[in-house]
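J.: I'd like to ask you about the structure that follows.
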Protein chains: 2
Amino acid sequence: MADEPPHERADAARNRDAILAAASRLVDEVGVEGLSMDCVAHAAGVGKGTLFRRFESREGLMAAVLNRSETEWQSAVLAGPPPLGPGAAAYDRLLAMGHSRLRLNVTHGALIKAATGSSGARSRAAAAFAIMHVRYLLGELGVDGDLPLLAIAILAPLDITMIEQQQADDVTLERIEAAWDDLVRRVVAG
Amino acid sequence: MADEPPHERADAARNRDAILAAASRLVDEVGVEGLSMDCVAHAAGVGKGTLFRRFESREGLMAAVLNRSETEWQSAVLAGPPPLGPGAAAYDRLLAMGHSRLRLNVTHGALIKAATGSSGARSRAAAAFAIMHVRYLLGELGVDGDLPLLAIAILAPLDITMIEQQQADDVTLERIEAAWDDLVRRVVAG
DNA sequence: GGTTTAAACGGACCGCGGTCCGTTTGCATT
DNA sequence: AATGCAAACGGACCGCGGTCCGTTTAAACC
């Protein structure tokens, strides 16, 4: 445990909360695109340097803002009511997970893209969770093969960039969902 | 036909070529990341306004630079030697296409990401070609279902962002390729 | 309470992508 | 050759993300 030696200073903690609150509010007010770091700094009553000290980059700040809903989703998957959470058959859980993830990617699309900049290291952890979960469900279903990569392949079409590509062609969410269900069926059937 | 009414002025054409040549050279020299629009403009001997007039944005310029190798690949798929080109069995062509696309995405990763900015409209056309081709091959193989969306699902794991995600976990290209082959087998098997 | 020190702070500063607008220039018409 | 004009040009300009460094301050120790 080691009880994390480096104490976090009180003002630092206060500022971090202020920044996150301001950022969340501004995202709701002016949208992800129309949000500048100067603006967040001013709204939080801190200097720009402080902002970058805590969150490293715009991408990092967006990831932090996104983090709350992301962990919410994770706990819904891990411990929420079925069929998303435990208690339902693995196949149903897998389908529920995909549908839920699809909706989440659509509603938080702008935020997710902003949090997945060039490096992308930021949101890798979030993706890893979904991959691990799918991998686990595939195992439960008795699927054999390279499960981690198969999990990635199943999740890839749900990515926001893929969804936007399809929406540009006026494909409805229902159709995307149905096609994804079909994909899962084929993969699981082996 | 209409013989395109708006004549392209001679200086405009000359400048466009100069810009593209300079941009291609600089991409090779300093890489995609280390390339600034001012730098390209100066190297091409034109003003920055001219550069943005022709290519609209950095993303657009990158797409134009990428375009040459992209069309090369497309003609290899449409009319090159088998198994990538016509003449081989549809299933072999599908596998060859995936492998080829995977390698291309890896080697041109930085350029592709730079050409696929926030709007993404730039490189939508390139993606559409691959989708159409996979859709056609799936049809030849007698696969039934929502072929356009199934084609997207097959191509999605080959996307550069997915590949980089896997490479961050030290997954080799050979393993990615094998897992993708397995995915294709499952999808085609129905 | 006073002293010390490492951490946090903040805003001036930089280079970049992108825009704007006054100026120049290719080309058609006479 | 002279004229007219739409199109192309180019560089000053703007806001943004990100960095740097001199200044301030929380908190541990005496």
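Here, A, B, ... name the chains of the structure tokens in the order displayed, residue numbers run from 1 inside each chain, and ligands are numbered from 1 in the same displayed order.
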Can you tell me, as a list of chain:residue names, what residues are no more than 7 Å from region 5-18 of chain C when counting only C-alpha atoms (C1' of nucleotides), ignoring any on the same chain fewer than 6 positions away?

T.: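 Returned residues: A:Ala12, A:Gly47, A:Lys48, A:Gly49, A:Thr50, D:DT24.
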
J.: Once you count only C-alpha atoms (C1' of nucleotides), which residues of chain A turn out to be within 8 Å of chain D? Could you give them as a compact mmCIF listing (two decimals) with N, CA and C atoms, in the first residue's frame?

T.:
```txt
# COMPACT_ATOMS: atom_id res chain seq x y z
N ARG A 9 -1.31 18.60 -1.87
CA ARG A 9 -1.57 19.85 -1.15
C ARG A 9 -3.01 20.28 -1.28
N ALA A 10 -3.49 20.95 -0.23
CA ALA A 10 -4.90 21.30 -0.18
C ALA A 10 -5.32 22.18 -1.35
N ASP A 11 -4.51 23.17 -1.66
CA ASP A 11 -4.87 24.08 -2.76
C ASP A 11 -4.90 23.33 -4.08
N SER A 36 -12.18 26.32 -24.95
CA SER A 36 -10.74 26.57 -25.00
C SER A 36 -10.13 26.43 -23.61
N MET A 37 -8.88 26.08 -23.57
CA MET A 37 -8.19 25.89 -22.30
C MET A 37 -8.12 27.20 -21.52
N SER A 57 -2.64 18.05 -20.86
CA SER A 57 -3.04 18.47 -22.20
C SER A 57 -4.56 18.59 -22.27
N ARG A 58 -5.01 19.16 -23.33
CA ARG A 58 -6.45 19.24 -23.56
C ARG A 58 -7.06 17.84 -23.58
```

J.: If we count only C-alpha atoms (C1' of nucleotides), what is near Phe55 (chain B) at a cut-off of 12 Å, once residues fewer than 3 positions away on the same chain are taken out, given as a PyMOL selection string?

T.: (chain B and resi 15-17+19-20+23+37+41+48-52+58-65+115+122) or (chain C and resi 18)

J.: Please produce a file of the residues just selected, as a PDB file, in the first residue's frame, where the atoms kept are N, CA and C atoms (P, O5', C5', C4', C3', O3' and C1' of nucleotides).

T.:
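And here is the file that came out, selection_39.pdb:
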```
ATOM      1  N   ASN B  15       1.291  26.225 -59.270  1.00  0.00           N
ATOM      2  CA  ASN B  15       1.427  26.299 -57.817  1.00  0.00           C
ATOM      3  C   ASN B  15       0.940  25.030 -57.140  1.00  0.00           C
ATOM      4  N   ARG B  16      -0.150  24.469 -57.634  1.00  0.00           N
ATOM      5  CA  ARG B  16      -0.650  23.252 -57.002  1.00  0.00           C
ATOM      6  C   ARG B  16       0.382  22.145 -57.076  1.00  0.00           C
ATOM      7  N   ASP B  17       0.984  21.996 -58.249  1.00  0.00           N
ATOM      8  CA  ASP B  17       2.012  20.965 -58.391  1.00  0.00           C
ATOM      9  C   ASP B  17       3.184  21.240 -57.459  1.00  0.00           C
ATOM     10  N   ILE B  19       3.230  22.858 -54.669  1.00  0.00           N
ATOM     11  CA  ILE B  19       2.848  22.599 -53.275  1.00  0.00           C
ATOM     12  C   ILE B  19       2.863  21.110 -52.979  1.00  0.00           C
ATOM     13  N   LEU B  20       2.253  20.331 -53.864  1.00  0.00           N
ATOM     14  CA  LEU B  20       2.202  18.884 -53.641  1.00  0.00           C
ATOM     15  C   LEU B  20       3.596  18.284 -53.606  1.00  0.00           C
ATOM     16  N   ALA B  23       5.277  19.305 -50.382  1.00  0.00           N
ATOM     17  CA  ALA B  23       4.678  18.598 -49.240  1.00  0.00           C
ATOM     18  C   ALA B  23       5.151  17.152 -49.200  1.00  0.00           C
ATOM     19  N   MET B  37       2.443  24.146 -42.038  1.00  0.00           N
ATOM     20  CA  MET B  37       1.901  24.713 -43.259  1.00  0.00           C
ATOM     21  C   MET B  37       2.761  25.876 -43.743  1.00  0.00           C
ATOM     22  N   ALA B  41       4.491  26.120 -47.401  1.00  0.00           N
ATOM     23  CA  ALA B  41       4.272  27.298 -48.246  1.00  0.00           C
ATOM     24  C   ALA B  41       5.603  27.896 -48.677  1.00  0.00           C
ATOM     25  N   LYS B  48       0.922  31.547 -47.766  1.00  0.00           N
ATOM     26  CA  LYS B  48       0.099  30.594 -47.031  1.00  0.00           C
ATOM     27  C   LYS B  48      -1.346  30.605 -47.523  1.00  0.00           C
ATOM     28  N   GLY B  49      -1.819  31.783 -47.896  1.00  0.00           N
ATOM     29  CA  GLY B  49      -3.191  31.893 -48.379  1.00  0.00           C
ATOM     30  C   GLY B  49      -3.437  30.990 -49.582  1.00  0.00           C
ATOM     31  N   THR B  50      -2.464  30.951 -50.486  1.00  0.00           N
ATOM     32  CA  THR B  50      -2.570  30.110 -51.675  1.00  0.00           C
ATOM     33  C   THR B  50      -2.714  28.645 -51.285  1.00  0.00           C
ATOM     34  N   LEU B  51      -1.902  28.257 -50.329  1.00  0.00           N
ATOM     35  CA  LEU B  51      -1.909  26.877 -49.873  1.00  0.00           C
ATOM     36  C   LEU B  51      -3.293  26.476 -49.350  1.00  0.00           C
ATOM     37  N   PHE B  52      -3.851  27.349 -48.519  1.00  0.00           N
ATOM     38  CA  PHE B  52      -5.165  27.021 -47.959  1.00  0.00           C
ATOM     39  C   PHE B  52      -6.261  27.167 -49.000  1.00  0.00           C
ATOM     40  N   ARG B  58      -4.963  21.658 -43.427  1.00  0.00           N
ATOM     41  CA  ARG B  58      -3.848  20.723 -43.309  1.00  0.00           C
ATOM     42  C   ARG B  58      -4.320  19.315 -43.642  1.00  0.00           C
ATOM     43  N   GLU B  59      -5.460  18.968 -43.108  1.00  0.00           N
ATOM     44  CA  GLU B  59      -6.051  17.665 -43.372  1.00  0.00           C
ATOM     45  C   GLU B  59      -6.202  17.421 -44.876  1.00  0.00           C
ATOM     46  N   GLY B  60      -6.691  18.440 -45.577  1.00  0.00           N
ATOM     47  CA  GLY B  60      -6.882  18.318 -47.014  1.00  0.00           C
ATOM     48  C   GLY B  60      -5.574  18.122 -47.752  1.00  0.00           C
ATOM     49  N   LEU B  61      -4.553  18.842 -47.327  1.00  0.00           N
ATOM     50  CA  LEU B  61      -3.247  18.688 -47.961  1.00  0.00           C
ATOM     51  C   LEU B  61      -2.708  17.279 -47.750  1.00  0.00           C
ATOM     52  N   MET B  62      -2.843  16.779 -46.543  1.00  0.00           N
ATOM     53  CA  MET B  62      -2.380  15.427 -46.248  1.00  0.00           C
ATOM     54  C   MET B  62      -3.134  14.402 -47.083  1.00  0.00           C
ATOM     55  N   ALA B  63      -4.423  14.612 -47.214  1.00  0.00           N
ATOM     56  CA  ALA B  63      -5.222  13.696 -48.023  1.00  0.00           C
ATOM     57  C   ALA B  63      -4.739  13.704 -49.466  1.00  0.00           C
ATOM     58  N   ALA B  64      -4.383  14.887 -49.952  1.00  0.00           N
ATOM     59  CA  ALA B  64      -3.890  14.985 -51.333  1.00  0.00           C
ATOM     60  C   ALA B  64      -2.558  14.264 -51.482  1.00  0.00           C
ATOM     61  N   VAL B  65      -1.687  14.408 -50.483  1.00  0.00           N
ATOM     62  CA  VAL B  65      -0.396  13.718 -50.533  1.00  0.00           C
ATOM     63  C   VAL B  65      -0.604  12.205 -50.493  1.00  0.00           C
ATOM     64  N   ALA B 115      -4.677  12.827 -42.231  1.00  0.00           N
ATOM     65  CA  ALA B 115      -5.668  13.115 -43.264  1.00  0.00           C
ATOM     66  C   ALA B 115      -7.084  12.821 -42.790  1.00  0.00           C
ATOM     67  N   ARG B 122     -12.727  14.078 -45.538  1.00  0.00           N
ATOM     68  CA  ARG B 122     -11.640  13.959 -46.495  1.00  0.00           C
ATOM     69  C   ARG B 122     -11.418  12.536 -46.985  1.00  0.00           C
TER      70      ARG B 122
ATOM     71  P    DG C  18      -6.122  23.674 -40.197  1.00  0.00           P
ATOM     72  O5'  DG C  18      -6.631  25.180 -40.323  1.00  0.00           O
ATOM     73  C5'  DG C  18      -7.382  25.742 -39.241  1.00  0.00           C
ATOM     74  C4'  DG C  18      -7.718  27.184 -39.543  1.00  0.00           C
ATOM     75  C3'  DG C  18      -8.200  27.475 -40.971  1.00  0.00           C
ATOM     76  O3'  DG C  18      -9.493  28.066 -40.885  1.00  0.00           O
ATOM     77  C1'  DG C  18      -6.582  29.054 -40.290  1.00  0.00           C
TER      78       DG C  18
END
```

J.: Please list as a list in words every residue within 9 Å of region 135-139 of chain A, counting only C-alpha atoms (C1' of nucleotides) and excluding residues in the same chain fewer than 2 positions away.

T.: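 Returned residues: Ala90, Tyr91, Arg93, Leu94, Ala130, Ile131, Met132, His133, Leu141, Gly142, Val143, Asp144, Leu147, Pro148, Leu149, Leu150, Ala151, Ile152 and Val188 of chain A.
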
J.: Could you pull out the alpha helix (DSSP H) residues of chain A from DSSP and send them as a ChimeraX atom specification?

T.: /A:10-30,37-44,48-55,58-79,90-107,109-115,124-140,147-155,160-167,173-189

J.: Hey, could you lay chain A over chain B with a least-squares C-alpha fit (all atoms, paired in order) and save it as an mmCIF file with C-alpha atoms, in the first residue's frame?

T.:
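This is the output file out18.cif:
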```
data_model
loop_
_atom_site.group_PDB
_atom_site.id
_atom_site.type_symbol
_atom_site.label_atom_id
_atom_site.label_comp_id
_atom_site.auth_asym_id
_atom_site.auth_seq_id
_atom_site.Cartn_x
_atom_site.Cartn_y
_atom_site.Cartn_z
ATOM 1 C CA MET A 1 -19.437 15.874 -69.761
ATOM 2 C CA ALA A 2 -19.798 19.683 -70.109
ATOM 3 C CA ASP A 3 -15.998 19.893 -70.396
ATOM 4 C CA GLU A 4 -15.656 21.632 -67.036
ATOM 5 C CA PRO A 5 -16.431 25.296 -67.834
ATOM 6 C CA PRO A 6 -14.129 26.859 -65.215
ATOM 7 C CA HIS A 7 -10.688 26.836 -66.793
ATOM 8 C CA GLU A 8 -7.885 26.278 -64.308
ATOM 9 C CA ARG A 9 -5.409 29.075 -64.588
ATOM 10 C CA ALA A 10 -1.868 28.167 -65.506
ATOM 11 C CA ASP A 11 -0.283 29.663 -62.406
ATOM 12 C CA ALA A 12 -2.813 27.886 -60.220
ATOM 13 C CA ALA A 13 -1.934 24.516 -61.729
ATOM 14 C CA ARG A 14 1.784 25.229 -61.443
ATOM 15 C CA ASN A 15 1.420 26.218 -57.812
ATOM 16 C CA ARG A 16 -0.662 23.178 -56.995
ATOM 17 C CA ASP A 17 2.008 20.886 -58.356
ATOM 18 C CA ALA A 18 4.726 22.808 -56.545
ATOM 19 C CA ILE A 19 2.839 22.556 -53.260
ATOM 20 C CA LEU A 20 2.197 18.842 -53.614
ATOM 21 C CA ALA A 21 5.804 18.174 -54.536
ATOM 22 C CA ALA A 22 7.088 20.222 -51.615
ATOM 23 C CA ALA A 23 4.669 18.579 -49.218
ATOM 24 C CA SER A 24 5.606 15.067 -50.343
ATOM 25 C CA ARG A 25 9.280 15.855 -50.012
ATOM 26 C CA LEU A 26 8.873 17.385 -46.570
ATOM 27 C CA VAL A 27 6.815 14.456 -45.342
ATOM 28 C CA ASP A 28 9.699 12.182 -46.286
ATOM 29 C CA GLU A 29 12.269 14.516 -44.756
ATOM 30 C CA VAL A 30 10.804 15.644 -41.462
ATOM 31 C CA GLY A 31 7.842 13.342 -41.071
ATOM 32 C CA VAL A 32 4.164 14.135 -40.911
ATOM 33 C CA GLU A 33 4.240 15.545 -37.386
ATOM 34 C CA GLY A 34 7.125 17.906 -37.937
ATOM 35 C CA LEU A 35 5.570 19.486 -40.988
ATOM 36 C CA SER A 36 4.035 22.949 -40.685
ATOM 37 C CA MET A 37 1.875 24.693 -43.254
ATOM 38 C CA ASP A 38 4.138 27.765 -43.186
ATOM 39 C CA CYS A 39 7.037 25.493 -43.942
ATOM 40 C CA VAL A 40 5.304 23.878 -46.911
ATOM 41 C CA ALA A 41 4.265 27.269 -48.251
ATOM 42 C CA HIS A 42 7.797 28.586 -48.037
ATOM 43 C CA ALA A 43 9.305 25.459 -49.590
ATOM 44 C CA ALA A 44 6.840 25.641 -52.471
ATOM 45 C CA GLY A 45 7.540 29.342 -52.942
ATOM 46 C CA VAL A 46 3.931 30.416 -52.430
ATOM 47 C CA GLY A 47 2.020 32.285 -49.753
ATOM 48 C CA LYS A 48 0.095 30.567 -47.048
ATOM 49 C CA GLY A 49 -3.188 31.850 -48.415
ATOM 50 C CA THR A 50 -2.587 30.049 -51.695
ATOM 51 C CA LEU A 51 -1.930 26.842 -49.861
ATOM 52 C CA PHE A 52 -5.176 26.985 -47.937
ATOM 53 C CA ARG A 53 -7.048 28.103 -51.030
ATOM 54 C CA ARG A 54 -6.082 24.933 -52.868
ATOM 55 C CA PHE A 55 -6.305 22.398 -50.050
ATOM 56 C CA GLU A 56 -8.637 24.008 -47.564
ATOM 57 C CA SER A 57 -6.838 22.663 -44.488
ATOM 58 C CA ARG A 58 -3.867 20.712 -43.287
ATOM 59 C CA GLU A 59 -6.066 17.646 -43.327
ATOM 60 C CA GLY A 60 -6.897 18.300 -46.976
ATOM 61 C CA LEU A 61 -3.263 18.677 -47.924
ATOM 62 C CA MET A 62 -2.381 15.415 -46.213
ATOM 63 C CA ALA A 63 -5.231 13.691 -47.987
ATOM 64 C CA ALA A 64 -3.896 14.967 -51.294
ATOM 65 C CA VAL A 65 -0.402 13.712 -50.496
ATOM 66 C CA LEU A 66 -1.821 10.371 -49.448
ATOM 67 C CA ASN A 67 -3.989 10.190 -52.510
ATOM 68 C CA ARG A 68 -1.314 8.978 -54.888
ATOM 69 C CA SER A 69 -0.486 5.787 -52.980
ATOM 70 C CA GLU A 70 -4.138 5.287 -52.217
ATOM 71 C CA THR A 71 -5.167 5.271 -55.880
ATOM 72 C CA GLU A 72 -2.203 3.038 -56.588
ATOM 73 C CA TRP A 73 -3.586 0.561 -54.109
ATOM 74 C CA GLN A 74 -7.046 0.831 -55.561
ATOM 75 C CA SER A 75 -5.863 0.022 -59.044
ATOM 76 C CA ALA A 76 -3.862 -2.897 -57.671
ATOM 77 C CA VAL A 77 -7.073 -4.203 -56.154
ATOM 78 C CA LEU A 78 -9.130 -3.583 -59.258
ATOM 79 C CA ALA A 79 -6.705 -4.608 -61.949
ATOM 80 C CA GLY A 80 -3.477 -5.851 -60.405
ATOM 81 C CA PRO A 81 -2.159 -9.411 -60.287
ATOM 82 C CA PRO A 82 -3.978 -11.997 -58.176
ATOM 83 C CA PRO A 83 -4.622 -12.814 -55.440
ATOM 84 C CA LEU A 84 -5.162 -9.133 -54.667
ATOM 85 C CA GLY A 85 -6.458 -8.343 -58.139
ATOM 86 C CA PRO A 86 -9.022 -10.292 -60.144
ATOM 87 C CA GLY A 87 -8.332 -13.870 -61.143
ATOM 88 C CA ALA A 88 -8.160 -15.564 -57.764
ATOM 89 C CA ALA A 89 -10.991 -17.052 -55.745
ATOM 90 C CA ALA A 90 -13.052 -14.477 -53.883
ATOM 91 C CA TYR A 91 -12.025 -15.809 -50.494
ATOM 92 C CA ASP A 92 -8.344 -15.559 -51.360
ATOM 93 C CA ARG A 93 -8.859 -12.091 -52.710
ATOM 94 C CA LEU A 94 -10.546 -11.076 -49.493
ATOM 95 C CA LEU A 95 -7.663 -12.350 -47.386
ATOM 96 C CA ALA A 96 -5.103 -10.736 -49.678
ATOM 97 C CA MET A 97 -6.984 -7.474 -49.488
ATOM 98 C CA GLY A 98 -6.969 -7.486 -45.706
ATOM 99 C CA HIS A 99 -3.273 -8.256 -45.471
ATOM 100 C CA SER A 100 -2.432 -5.598 -48.017
ATOM 101 C CA ARG A 101 -4.639 -3.035 -46.332
ATOM 102 C CA LEU A 102 -3.140 -3.834 -42.949
ATOM 103 C CA ARG A 103 0.406 -3.246 -44.182
ATOM 104 C CA LEU A 104 -0.619 -0.077 -45.940
ATOM 105 C CA ASN A 105 -2.315 1.269 -42.825
ATOM 106 C CA VAL A 106 0.803 0.549 -40.802
ATOM 107 C CA THR A 107 3.284 2.148 -43.191
ATOM 108 C CA HIS A 108 1.148 5.200 -43.860
ATOM 109 C CA GLY A 109 -0.316 5.387 -40.379
ATOM 110 C CA ALA A 110 0.836 8.896 -39.542
ATOM 111 C CA LEU A 111 -0.309 10.249 -42.881
ATOM 112 C CA ILE A 112 -3.671 8.549 -42.639
ATOM 113 C CA LYS A 113 -4.283 9.897 -39.168
ATOM 114 C CA ALA A 114 -3.274 13.383 -40.289
ATOM 115 C CA ALA A 115 -5.667 13.111 -43.229
ATOM 116 C CA THR A 116 -8.507 11.895 -41.009
ATOM 117 C CA GLY A 117 -9.026 14.893 -38.782
ATOM 118 C CA SER A 118 -12.099 15.869 -36.844
ATOM 119 C CA SER A 119 -14.385 16.144 -39.848
ATOM 120 C CA GLY A 120 -13.033 13.010 -41.465
ATOM 121 C CA ALA A 121 -14.946 13.820 -44.643
ATOM 122 C CA ARG A 122 -11.643 13.968 -46.466
ATOM 123 C CA SER A 123 -10.751 10.312 -46.377
ATOM 124 C CA ARG A 124 -14.280 8.993 -46.397
ATOM 125 C CA ALA A 125 -13.960 8.308 -50.108
ATOM 126 C CA ALA A 126 -10.926 6.102 -49.605
ATOM 127 C CA ALA A 127 -12.746 4.068 -46.971
ATOM 128 C CA ALA A 128 -15.780 3.802 -49.213
ATOM 129 C CA PHE A 129 -13.744 2.082 -51.873
ATOM 130 C CA ALA A 130 -12.528 -0.638 -49.542
ATOM 131 C CA ILE A 131 -16.012 -1.101 -48.147
ATOM 132 C CA MET A 132 -17.466 -1.457 -51.618
ATOM 133 C CA HIS A 133 -14.848 -3.979 -52.569
ATOM 134 C CA VAL A 134 -15.364 -6.127 -49.484
ATOM 135 C CA ARG A 135 -19.071 -5.927 -50.005
ATOM 136 C CA TYR A 136 -18.646 -7.185 -53.534
ATOM 137 C CA LEU A 137 -16.427 -10.077 -52.440
ATOM 138 C CA LEU A 138 -18.860 -11.048 -49.694
ATOM 139 C CA GLY A 139 -21.588 -11.150 -52.312
ATOM 140 C CA GLU A 140 -19.455 -13.387 -54.515
ATOM 141 C CA LEU A 141 -18.966 -15.699 -51.561
ATOM 142 C CA GLY A 142 -22.707 -16.056 -51.094
ATOM 143 C CA VAL A 143 -22.709 -14.399 -47.698
ATOM 144 C CA ASP A 144 -26.102 -13.026 -46.812
ATOM 145 C CA GLY A 145 -27.067 -10.305 -44.384
ATOM 146 C CA ASP A 146 -26.430 -6.566 -44.297
ATOM 147 C CA LEU A 147 -23.376 -6.703 -46.539
ATOM 148 C CA PRO A 148 -22.330 -3.035 -46.397
ATOM 149 C CA LEU A 149 -22.298 -3.046 -42.624
ATOM 150 C CA LEU A 150 -20.715 -6.442 -42.488
ATOM 151 C CA ALA A 151 -17.994 -5.068 -44.744
ATOM 152 C CA ILE A 152 -17.411 -2.188 -42.343
ATOM 153 C CA ALA A 153 -17.206 -4.618 -39.457
ATOM 154 C CA ILE A 154 -14.584 -6.642 -41.294
ATOM 155 C CA LEU A 155 -12.513 -3.586 -42.123
ATOM 156 C CA ALA A 156 -12.810 -1.851 -38.756
ATOM 157 C CA PRO A 157 -10.177 -3.942 -36.922
ATOM 158 C CA LEU A 158 -7.663 -3.023 -39.623
ATOM 159 C CA ASP A 159 -8.022 0.673 -38.909
ATOM 160 C CA ILE A 160 -4.800 2.350 -37.888
ATOM 161 C CA THR A 161 -6.127 3.358 -34.473
ATOM 162 C CA MET A 162 -7.023 -0.246 -33.691
ATOM 163 C CA ILE A 163 -3.678 -1.474 -34.931
ATOM 164 C CA GLU A 164 -1.804 1.034 -32.777
ATOM 165 C CA GLN A 165 -3.865 0.017 -29.792
ATOM 166 C CA GLN A 166 -2.738 -3.553 -30.281
ATOM 167 C CA GLN A 167 0.851 -2.659 -31.036
ATOM 168 C CA ALA A 168 0.968 -0.827 -27.706
ATOM 169 C CA ASP A 169 0.473 -4.257 -26.158
ATOM 170 C CA ASP A 170 3.323 -5.736 -28.223
ATOM 171 C CA VAL A 171 1.044 -7.722 -30.475
ATOM 172 C CA THR A 172 2.873 -8.650 -33.662
ATOM 173 C CA LEU A 173 1.531 -7.983 -37.125
ATOM 174 C CA GLU A 174 1.530 -11.701 -37.832
ATOM 175 C CA ARG A 175 -0.732 -12.337 -34.893
ATOM 176 C CA ILE A 176 -3.059 -9.530 -35.928
ATOM 177 C CA GLU A 177 -3.170 -10.980 -39.407
ATOM 178 C CA ALA A 178 -3.947 -14.461 -38.155
ATOM 179 C CA ALA A 179 -6.715 -13.213 -35.892
ATOM 180 C CA TRP A 180 -8.188 -11.226 -38.755
ATOM 181 C CA ASP A 181 -8.143 -14.299 -41.007
ATOM 182 C CA ASP A 182 -10.036 -16.126 -38.296
ATOM 183 C CA LEU A 183 -12.577 -13.331 -38.089
ATOM 184 C CA VAL A 184 -13.144 -13.441 -41.836
ATOM 185 C CA ARG A 185 -13.560 -17.187 -41.740
ATOM 186 C CA ARG A 186 -16.250 -16.906 -39.070
ATOM 187 C CA VAL A 187 -18.101 -14.156 -40.879
ATOM 188 C CA VAL A 188 -18.056 -15.929 -44.214
ATOM 189 C CA ALA A 189 -19.032 -19.260 -42.649
ATOM 190 C CA GLY A 190 -22.176 -17.522 -41.408
#
```
